[in-house]
$ cat upload.cif   # mmCIF, N, CA and C atoms
data_coords
loop_
_atom_site.group_PDB
_atom_site.id
_atom_site.type_symbol
_atom_site.label_atom_id
_atom_site.label_comp_id
_atom_site.auth_asym_id
_atom_site.auth_seq_id
_atom_site.Cartn_x
_atom_site.Cartn_y
_atom_site.Cartn_z
ATOM 1 N N MET A 606 2.040 12.979 -19.797
ATOM 2 C CA MET A 606 2.592 13.477 -18.569
ATOM 3 C C MET A 606 4.092 13.537 -18.603
ATOM 4 N N GLY A 607 4.718 12.646 -19.293
ATOM 5 C CA GLY A 607 6.150 12.728 -19.500
ATOM 6 C C GLY A 607 6.966 12.784 -18.235
ATOM 7 N N ASN A 608 7.753 13.861 -18.096
ATOM 8 C CA ASN A 608 8.674 13.989 -16.970
ATOM 9 C C ASN A 608 8.107 14.807 -15.819
ATOM 10 N N GLU A 609 6.805 15.094 -15.827
ATOM 11 C CA GLU A 609 6.208 15.852 -14.738
ATOM 12 C C GLU A 609 6.181 14.998 -13.479
ATOM 13 N N HIS A 610 6.572 15.601 -12.364
ATOM 14 C CA HIS A 610 6.550 14.898 -11.093
ATOM 15 C C HIS A 610 5.556 15.572 -10.167
ATOM 16 N N LEU A 611 4.956 14.753 -9.322
ATOM 17 C CA LEU A 611 4.048 15.286 -8.318
ATOM 18 C C LEU A 611 4.830 16.064 -7.272
ATOM 19 N N PRO A 612 4.235 17.115 -6.738
ATOM 20 C CA PRO A 612 4.870 17.776 -5.596
ATOM 21 C C PRO A 612 4.921 16.806 -4.407
ATOM 22 N N GLN A 613 5.874 17.011 -3.528
ATOM 23 C CA GLN A 613 6.056 16.127 -2.369
ATOM 24 C C GLN A 613 4.758 16.000 -1.567
ATOM 25 N N SER A 614 4.033 17.099 -1.388
ATOM 26 C CA SER A 614 2.799 17.056 -0.600
ATOM 27 C C SER A 614 1.745 16.172 -1.259
ATOM 28 N N GLU A 615 1.663 16.201 -2.582
ATOM 29 C CA GLU A 615 0.704 15.356 -3.295
ATOM 30 C C GLU A 615 1.083 13.884 -3.200
ATOM 31 N N LEU A 616 2.374 13.599 -3.275
ATOM 32 C CA LEU A 616 2.843 12.224 -3.156
ATOM 33 C C LEU A 616 2.552 11.685 -1.758
ATOM 34 N N ILE A 617 2.776 12.501 -0.740
ATOM 35 C CA ILE A 617 2.477 12.094 0.633
ATOM 36 C C ILE A 617 0.985 11.829 0.784
ATOM 37 N N LYS A 618 0.163 12.695 0.196
ATOM 38 C CA LYS A 618 -1.285 12.504 0.271
ATOM 39 C C LYS A 618 -1.695 11.202 -0.418
ATOM 40 N N MET A 619 -1.093 10.907 -1.571
ATOM 41 C CA MET A 619 -1.407 9.687 -2.304
ATOM 42 C C MET A 619 -1.053 8.448 -1.472
ATOM 43 N N VAL A 620 0.115 8.467 -0.847
ATOM 44 C CA VAL A 620 0.547 7.348 -0.005
ATOM 45 C C VAL A 620 -0.390 7.202 1.185
ATOM 46 N N PHE A 621 -0.722 8.314 1.825
ATOM 47 C CA PHE A 621 -1.577 8.294 3.007
ATOM 48 C C PHE A 621 -2.965 7.745 2.680
ATOM 49 N N VAL A 622 -3.536 8.165 1.565
ATOM 50 C CA VAL A 622 -4.861 7.679 1.164
ATOM 51 C C VAL A 622 -4.828 6.178 0.913
ATOM 52 N N ARG A 623 -3.800 5.712 0.246
ATOM 53 C CA ARG A 623 -3.706 4.272 -0.013
ATOM 54 C C ARG A 623 -3.558 3.478 1.275
ATOM 55 N N LEU A 624 -2.794 4.003 2.219
ATOM 56 C CA LEU A 624 -2.664 3.329 3.514
ATOM 57 C C LEU A 624 -3.986 3.347 4.267
ATOM 58 N N LEU A 625 -4.726 4.453 4.169
ATOM 59 C CA LEU A 625 -6.022 4.541 4.841
ATOM 60 C C LEU A 625 -7.042 3.566 4.258
ATOM 61 N N ILE A 626 -6.845 3.157 3.043
ATOM 62 C CA ILE A 626 -7.717 2.149 2.433
ATOM 63 C C ILE A 626 -7.190 0.751 2.723
ATOM 64 N N PHE A 627 -5.899 0.556 2.575
ATOM 65 C CA PHE A 627 -5.282 -0.766 2.670
ATOM 66 C C PHE A 627 -5.342 -1.359 4.078
ATOM 67 N N ILE A 628 -4.975 -0.584 5.081
ATOM 68 C CA ILE A 628 -4.895 -1.120 6.442
ATOM 69 C C ILE A 628 -6.272 -1.518 6.978
ATOM 70 N N PRO A 629 -7.307 -0.666 6.882
ATOM 71 C CA PRO A 629 -8.626 -1.125 7.347
ATOM 72 C C PRO A 629 -9.150 -2.328 6.564
ATOM 73 N N LEU A 630 -8.837 -2.381 5.274
ATOM 74 C CA LEU A 630 -9.251 -3.535 4.479
ATOM 75 C C LEU A 630 -8.614 -4.813 5.014
ATOM 76 N N LEU A 631 -7.343 -4.753 5.348
ATOM 77 C CA LEU A 631 -6.678 -5.915 5.945
ATOM 78 C C LEU A 631 -7.305 -6.289 7.283
ATOM 79 N N LEU A 632 -7.601 -5.289 8.103
ATOM 80 C CA LEU A 632 -8.228 -5.562 9.398
ATOM 81 C C LEU A 632 -9.561 -6.285 9.220
ATOM 82 N N VAL A 633 -10.361 -5.820 8.283
ATOM 83 C CA VAL A 633 -11.649 -6.467 8.015
ATOM 84 C C VAL A 633 -11.441 -7.885 7.508
ATOM 85 N N MET A 634 -10.485 -8.061 6.604
ATOM 86 C CA MET A 634 -10.245 -9.394 6.031
ATOM 87 C C MET A 634 -9.820 -10.409 7.086
ATOM 88 N N PHE A 635 -9.085 -9.972 8.095
ATOM 89 C CA PHE A 635 -8.616 -10.900 9.119
ATOM 90 C C PHE A 635 -9.615 -11.081 10.257
ATOM 91 N N PHE A 636 -10.173 -9.989 10.752
ATOM 92 C CA PHE A 636 -10.930 -10.072 11.989
ATOM 93 C C PHE A 636 -12.423 -10.309 11.791
ATOM 94 N N LEU A 637 -12.985 -9.946 10.667
ATOM 95 C CA LEU A 637 -14.401 -10.223 10.430
ATOM 96 C C LEU A 637 -14.669 -11.722 10.368
ATOM 97 N N PRO A 638 -13.915 -12.491 9.591
ATOM 98 C CA PRO A 638 -14.145 -13.944 9.596
ATOM 99 C C PRO A 638 -13.851 -14.582 10.955
ATOM 100 N N ALA A 639 -12.877 -14.028 11.684
ATOM 101 C CA ALA A 639 -12.532 -14.588 12.994
ATOM 102 C C ALA A 639 -13.605 -14.260 14.025
ATOM 103 N N GLY A 640 -14.309 -13.159 13.830
ATOM 104 C CA GLY A 640 -15.356 -12.771 14.760
ATOM 105 C C GLY A 640 -14.830 -12.199 16.065
ATOM 106 N N THR A 641 -13.558 -11.916 16.130
ATOM 107 C CA THR A 641 -12.947 -11.388 17.346
ATOM 108 C C THR A 641 -11.653 -10.667 17.007
ATOM 109 N N PHE A 642 -11.297 -9.731 17.881
ATOM 110 C CA PHE A 642 -9.997 -9.081 17.747
ATOM 111 C C PHE A 642 -8.932 -9.837 18.529
ATOM 112 N N ALA A 643 -9.341 -10.838 19.295
ATOM 113 C CA ALA A 643 -8.409 -11.638 20.097
ATOM 114 C C ALA A 643 -7.816 -12.748 19.229
ATOM 115 N N TYR A 644 -7.105 -12.354 18.211
ATOM 116 C CA TYR A 644 -6.537 -13.273 17.229
ATOM 117 C C TYR A 644 -5.081 -12.854 17.055
ATOM 118 N N TRP A 645 -4.231 -13.334 17.964
ATOM 119 C CA TRP A 645 -2.858 -12.838 18.027
ATOM 120 C C TRP A 645 -2.070 -13.135 16.764
ATOM 121 N N GLU A 646 -2.388 -14.241 16.083
ATOM 122 C CA GLU A 646 -1.662 -14.562 14.850
ATOM 123 C C GLU A 646 -1.905 -13.502 13.773
ATOM 124 N N ALA A 647 -3.129 -13.015 13.705
ATOM 125 C CA ALA A 647 -3.441 -11.968 12.731
ATOM 126 C C ALA A 647 -2.727 -10.668 13.088
ATOM 127 N N TRP A 648 -2.711 -10.324 14.380
ATOM 128 C CA TRP A 648 -2.006 -9.116 14.806
ATOM 129 C C TRP A 648 -0.524 -9.219 14.488
ATOM 130 N N LEU A 649 0.053 -10.386 14.719
ATOM 131 C CA LEU A 649 1.473 -10.590 14.417
ATOM 132 C C LEU A 649 1.728 -10.460 12.916
ATOM 133 N N TYR A 650 0.896 -11.113 12.113
ATOM 134 C CA TYR A 650 1.053 -11.049 10.661
ATOM 135 C C TYR A 650 0.934 -9.608 10.170
ATOM 136 N N LEU A 651 -0.081 -8.898 10.647
ATOM 137 C CA LEU A 651 -0.277 -7.515 10.218
ATOM 138 C C LEU A 651 0.891 -6.627 10.630
ATOM 139 N N THR A 652 1.425 -6.860 11.816
ATOM 140 C CA THR A 652 2.584 -6.091 12.277
ATOM 141 C C THR A 652 3.791 -6.349 11.387
ATOM 142 N N VAL A 653 4.034 -7.621 11.088
ATOM 143 C CA VAL A 653 5.177 -7.990 10.240
ATOM 144 C C VAL A 653 4.997 -7.458 8.820
ATOM 145 N N LEU A 654 3.773 -7.321 8.370
ATOM 146 C CA LEU A 654 3.497 -6.819 7.027
ATOM 147 C C LEU A 654 3.537 -5.289 6.968
ATOM 148 N N ILE A 655 2.866 -4.642 7.897
ATOM 149 C CA ILE A 655 2.650 -3.201 7.807
ATOM 150 C C ILE A 655 3.874 -2.382 8.209
ATOM 151 N N ILE A 656 4.584 -2.780 9.256
ATOM 152 C CA ILE A 656 5.736 -1.981 9.706
ATOM 153 C C ILE A 656 6.806 -1.859 8.619
ATOM 154 N N PRO A 657 7.263 -2.949 8.003
ATOM 155 C CA PRO A 657 8.254 -2.776 6.923
ATOM 156 C C PRO A 657 7.705 -1.989 5.731
ATOM 157 N N MET A 658 6.412 -2.163 5.442
ATOM 158 C CA MET A 658 5.815 -1.432 4.333
ATOM 159 C C MET A 658 5.858 0.073 4.604
ATOM 160 N N VAL A 659 5.454 0.478 5.795
ATOM 161 C CA VAL A 659 5.453 1.898 6.148
ATOM 162 C C VAL A 659 6.881 2.443 6.194
ATOM 163 N N LEU A 660 7.802 1.679 6.764
ATOM 164 C CA LEU A 660 9.196 2.126 6.812
ATOM 165 C C LEU A 660 9.783 2.295 5.413
ATOM 166 N N SER A 661 9.459 1.380 4.501
ATOM 167 C CA SER A 661 9.974 1.516 3.133
ATOM 168 C C SER A 661 9.340 2.706 2.423
ATOM 169 N N LEU A 662 8.069 2.977 2.694
ATOM 170 C CA LEU A 662 7.431 4.156 2.109
ATOM 171 C C LEU A 662 8.078 5.440 2.619
ATOM 172 N N ILE A 663 8.363 5.492 3.911
ATOM 173 C CA ILE A 663 9.035 6.667 4.484
ATOM 174 C C ILE A 663 10.422 6.841 3.864
ATOM 175 N N TYR A 664 11.147 5.737 3.739
ATOM 176 C CA TYR A 664 12.483 5.793 3.132
ATOM 177 C C TYR A 664 12.405 6.335 1.706
ATOM 178 N N LEU A 665 11.469 5.797 0.916
ATOM 179 C CA LEU A 665 11.352 6.244 -0.474
ATOM 180 C C LEU A 665 10.894 7.695 -0.562
ATOM 181 N N LEU A 666 10.005 8.115 0.318
ATOM 182 C CA LEU A 666 9.577 9.515 0.318
ATOM 183 C C LEU A 666 10.754 10.451 0.555
ATOM 184 N N LYS A 667 11.656 10.053 1.431
ATOM 185 C CA LYS A 667 12.802 10.906 1.761
ATOM 186 C C LYS A 667 13.926 10.800 0.739
ATOM 187 N N ASN A 668 14.200 9.585 0.255
ATOM 188 C CA ASN A 668 15.411 9.351 -0.535
ATOM 189 C C ASN A 668 15.193 9.189 -2.037
ATOM 190 N N ASP A 669 14.030 8.728 -2.444
ATOM 191 C CA ASP A 669 13.794 8.521 -3.875
ATOM 192 C C ASP A 669 12.310 8.690 -4.202
ATOM 193 N N PRO A 670 11.790 9.910 -4.070
ATOM 194 C CA PRO A 670 10.366 10.118 -4.327
ATOM 195 C C PRO A 670 9.961 9.819 -5.770
ATOM 196 N N GLU A 671 10.900 9.966 -6.710
ATOM 197 C CA GLU A 671 10.569 9.662 -8.104
ATOM 198 C C GLU A 671 10.267 8.179 -8.285
ATOM 199 N N LEU A 672 11.039 7.326 -7.642
ATOM 200 C CA LEU A 672 10.789 5.885 -7.713
ATOM 201 C C LEU A 672 9.438 5.552 -7.089
ATOM 202 N N LEU A 673 9.156 6.131 -5.947
ATOM 203 C CA LEU A 673 7.875 5.881 -5.294
ATOM 204 C C LEU A 673 6.724 6.328 -6.179
ATOM 205 N N GLU A 674 6.865 7.466 -6.803
ATOM 206 C CA GLU A 674 5.821 7.966 -7.695
ATOM 207 C C GLU A 674 5.609 7.017 -8.871
ATOM 208 N N ARG A 675 6.692 6.544 -9.465
ATOM 209 C CA ARG A 675 6.564 5.595 -10.580
ATOM 210 C C ARG A 675 5.869 4.319 -10.129
ATOM 211 N N ARG A 676 6.232 3.820 -8.957
ATOM 212 C CA ARG A 676 5.630 2.586 -8.438
ATOM 213 C C ARG A 676 4.142 2.782 -8.139
ATOM 214 N N MET A 677 3.776 3.966 -7.676
ATOM 215 C CA MET A 677 2.377 4.241 -7.351
ATOM 216 C C MET A 677 1.537 4.388 -8.621
ATOM 217 N N ARG A 678 2.161 4.820 -9.711
ATOM 218 C CA ARG A 678 1.437 5.027 -10.967
ATOM 219 C C ARG A 678 1.514 3.833 -11.912
ATOM 220 N N MET A 679 2.300 2.846 -11.563
ATOM 221 C CA MET A 679 2.531 1.714 -12.454
ATOM 222 C C MET A 679 1.216 1.009 -12.792
ATOM 223 N N ARG A 680 1.041 0.709 -14.053
ATOM 224 C CA ARG A 680 -0.131 -0.015 -14.530
ATOM 225 C C ARG A 680 0.343 -1.181 -15.385
ATOM 226 N N GLU A 681 -0.304 -2.307 -15.201
ATOM 227 C CA GLU A 681 0.036 -3.494 -15.986
ATOM 228 C C GLU A 681 -0.515 -3.352 -17.402
ATOM 229 N N LYS A 682 0.153 -3.996 -18.356
ATOM 230 C CA LYS A 682 -0.251 -3.913 -19.750
ATOM 231 C C LYS A 682 -1.080 -5.114 -20.193
ATOM 232 N N GLU A 683 -0.757 -6.306 -19.688
ATOM 233 C CA GLU A 683 -1.479 -7.510 -20.080
ATOM 234 C C GLU A 683 -2.738 -7.668 -19.243
ATOM 235 N N ALA A 684 -3.804 -8.182 -19.875
ATOM 236 C CA ALA A 684 -5.089 -8.325 -19.195
ATOM 237 C C ALA A 684 -4.991 -9.237 -17.979
ATOM 238 N N SER A 685 -4.266 -10.343 -18.110
ATOM 239 C CA SER A 685 -4.157 -11.268 -16.980
ATOM 240 C C SER A 685 -3.414 -10.625 -15.816
ATOM 241 N N GLN A 686 -2.403 -9.823 -16.111
ATOM 242 C CA GLN A 686 -1.657 -9.145 -15.057
ATOM 243 C C GLN A 686 -2.488 -8.028 -14.419
ATOM 244 N N LYS A 687 -3.362 -7.391 -15.213
ATOM 245 C CA LYS A 687 -4.258 -6.382 -14.656
ATOM 246 C C LYS A 687 -5.179 -7.011 -13.622
ATOM 247 N N LEU A 688 -5.683 -8.212 -13.930
ATOM 248 C CA LEU A 688 -6.560 -8.914 -12.999
ATOM 249 C C LEU A 688 -5.821 -9.248 -11.709
ATOM 250 N N VAL A 689 -4.605 -9.755 -11.832
ATOM 251 C CA VAL A 689 -3.804 -10.092 -10.652
ATOM 252 C C VAL A 689 -3.534 -8.838 -9.827
ATOM 253 N N ALA A 690 -3.218 -7.739 -10.480
ATOM 254 C CA ALA A 690 -2.941 -6.490 -9.772
ATOM 255 C C ALA A 690 -4.183 -5.977 -9.050
ATOM 256 N N LYS A 691 -5.343 -6.098 -9.683
ATOM 257 C CA LYS A 691 -6.583 -5.655 -9.040
ATOM 258 C C LYS A 691 -6.911 -6.516 -7.832
ATOM 259 N N LEU A 692 -6.703 -7.809 -7.949
ATOM 260 C CA LEU A 692 -6.992 -8.702 -6.831
ATOM 261 C C LEU A 692 -6.005 -8.502 -5.694
ATOM 262 N N GLY A 693 -4.782 -8.146 -6.024
ATOM 263 C CA GLY A 693 -3.752 -7.975 -5.005
ATOM 264 C C GLY A 693 -3.697 -6.586 -4.406
ATOM 265 N N ALA A 694 -4.352 -5.633 -5.021
ATOM 266 C CA ALA A 694 -4.265 -4.248 -4.537
ATOM 267 C C ALA A 694 -5.221 -3.937 -3.442
#

$ encode --input "upload.cif" --output "structure tokens"
Amino acid sequence: MGNEHLPQSELIKMVFVRLLIFIPLLLVMFFLPAGTFAYWEAWLYLTVLIIPMVLSLIYLLKNDPELLERRMRMREKEASQKLVAKLGA
């Protein structure tokens, strides 16, 4: 692939799809074990986590899409790091 870059629309789609997977997964992880949505600590944590993440994605989309693309495509080389990345993703 070398120096080929994704078009802006494809990069936006990639970011959007990942957010559509990540945010509901977080909601399930917090609220399913709690058995209720009335869990203000989880809402606070998710707000503190998601708002800066989305703002940084918007910033990178506007100001440095190449960096965002590299970060989205980054793959670990060591097996132990691949496992950590899979568990954290």

$ atom_distance --input "upload.cif" --atom1 "atom C of A:Phe627" --atom2 "atom CA of A:Glu609"
28.0 Å

$ residues_around --input "upload.cif" --residues "stretch 663-668 of chain A" --least-positions-apart "4" --cutoff "12 Å" --atoms "only C-alpha atoms" --output "count of residues only"
21

$ select_by_dssp --input "upload.cif" --residues "chain A" --states "alpha helix (DSSP H)" --output "PyMOL selection string"
chain A and resi 613-639+645-668+670-678+684-693

$ atom_distance --input "upload.cif" --atom1 "atom CA of A:Pro638" --atom2 "atom CA of A:Leu660"
28.5 Å

$ closest_residue --input "upload.cif" --among "A:Ala684, A:Leu654, A:Met679, A:Ala647" --to "A:Phe635" --atoms "all atoms listed in the file"
A:Ala647

$ atom_distance --input "upload.cif" --atom1 "atom CA of A:Trp645" --atom2 "atom C of A:Leu625"
21.8 Å

$ closest_residue --input "upload.cif" --among "A:Leu631, A:Leu624, A:Arg678, A:Pro670" --to "A:Tyr650" --atoms "only C-alpha atoms"
A:Leu631

$ decode --input "upload.cif" --residues "stretch 675-689 of chain A" --atoms "N, CA and C atoms" --output "PDB file, in the first residue's frame"
ATOM      1  N   ARG A 675      -3.004   6.366   9.910  1.00  0.00           N
ATOM      2  CA  ARG A 675      -1.936   5.479  10.390  1.00  0.00           C
ATOM      3  C   ARG A 675      -2.323   4.829  11.710  1.00  0.00           C
ATOM      4  N   ARG A 676      -2.909   5.602  12.611  1.00  0.00           N
ATOM      5  CA  ARG A 676      -3.310   5.073  13.920  1.00  0.00           C
ATOM      6  C   ARG A 676      -4.420   4.029  13.776  1.00  0.00           C
ATOM      7  N   MET A 677      -5.312   4.233  12.821  1.00  0.00           N
ATOM      8  CA  MET A 677      -6.414   3.294  12.617  1.00  0.00           C
ATOM      9  C   MET A 677      -5.918   1.992  11.987  1.00  0.00           C
ATOM     10  N   ARG A 678      -4.834   2.065  11.223  1.00  0.00           N
ATOM     11  CA  ARG A 678      -4.301   0.880  10.547  1.00  0.00           C
ATOM     12  C   ARG A 678      -3.185   0.193  11.327  1.00  0.00           C
ATOM     13  N   MET A 679      -2.755   0.792  12.408  1.00  0.00           N
ATOM     14  CA  MET A 679      -1.615   0.274  13.157  1.00  0.00           C
ATOM     15  C   MET A 679      -1.879  -1.155  13.633  1.00  0.00           C
ATOM     16  N   ARG A 680      -0.900  -2.003  13.453  1.00  0.00           N
ATOM     17  CA  ARG A 680      -0.971  -3.387  13.905  1.00  0.00           C
ATOM     18  C   ARG A 680       0.284  -3.694  14.708  1.00  0.00           C
ATOM     19  N   GLU A 681       0.093  -4.403  15.795  1.00  0.00           N
ATOM     20  CA  GLU A 681       1.225  -4.790  16.636  1.00  0.00           C
ATOM     21  C   GLU A 681       1.998  -5.925  15.973  1.00  0.00           C
ATOM     22  N   LYS A 682       3.295  -5.997  16.262  1.00  0.00           N
ATOM     23  CA  LYS A 682       4.147  -7.014  15.668  1.00  0.00           C
ATOM     24  C   LYS A 682       4.370  -8.207  16.592  1.00  0.00           C
ATOM     25  N   GLU A 683       4.478  -7.962  17.899  1.00  0.00           N
ATOM     26  CA  GLU A 683       4.720  -9.042  18.849  1.00  0.00           C
ATOM     27  C   GLU A 683       3.410  -9.708  19.238  1.00  0.00           C
ATOM     28  N   ALA A 684       3.462 -11.032  19.443  1.00  0.00           N
ATOM     29  CA  ALA A 684       2.257 -11.795  19.761  1.00  0.00           C
ATOM     30  C   ALA A 684       1.604 -11.316  21.051  1.00  0.00           C
ATOM     31  N   SER A 685       2.411 -11.035  22.069  1.00  0.00           N
ATOM     32  CA  SER A 685       1.836 -10.593  23.341  1.00  0.00           C
ATOM     33  C   SER A 685       1.152  -9.241  23.191  1.00  0.00           C
ATOM     34  N   GLN A 686       1.721  -8.360  22.384  1.00  0.00           N
ATOM     35  CA  GLN A 686       1.114  -7.052  22.162  1.00  0.00           C
ATOM     36  C   GLN A 686      -0.153  -7.164  21.311  1.00  0.00           C
ATOM     37  N   LYS A 687      -0.185  -8.142  20.393  1.00  0.00           N
ATOM     38  CA  LYS A 687      -1.395  -8.373  19.610  1.00  0.00           C
ATOM     39  C   LYS A 687      -2.544  -8.769  20.524  1.00  0.00           C
ATOM     40  N   LEU A 688      -2.249  -9.623  21.512  1.00  0.00           N
ATOM     41  CA  LEU A 688      -3.272 -10.051  22.459  1.00  0.00           C
ATOM     42  C   LEU A 688      -3.790  -8.866  23.265  1.00  0.00           C
ATOM     43  N   VAL A 689      -2.883  -8.033  23.750  1.00  0.00           N
ATOM     44  CA  VAL A 689      -3.278  -6.852  24.523  1.00  0.00           C
ATOM     45  C   VAL A 689      -4.125  -5.921  23.661  1.00  0.00           C
TER      46      VAL A 689
END
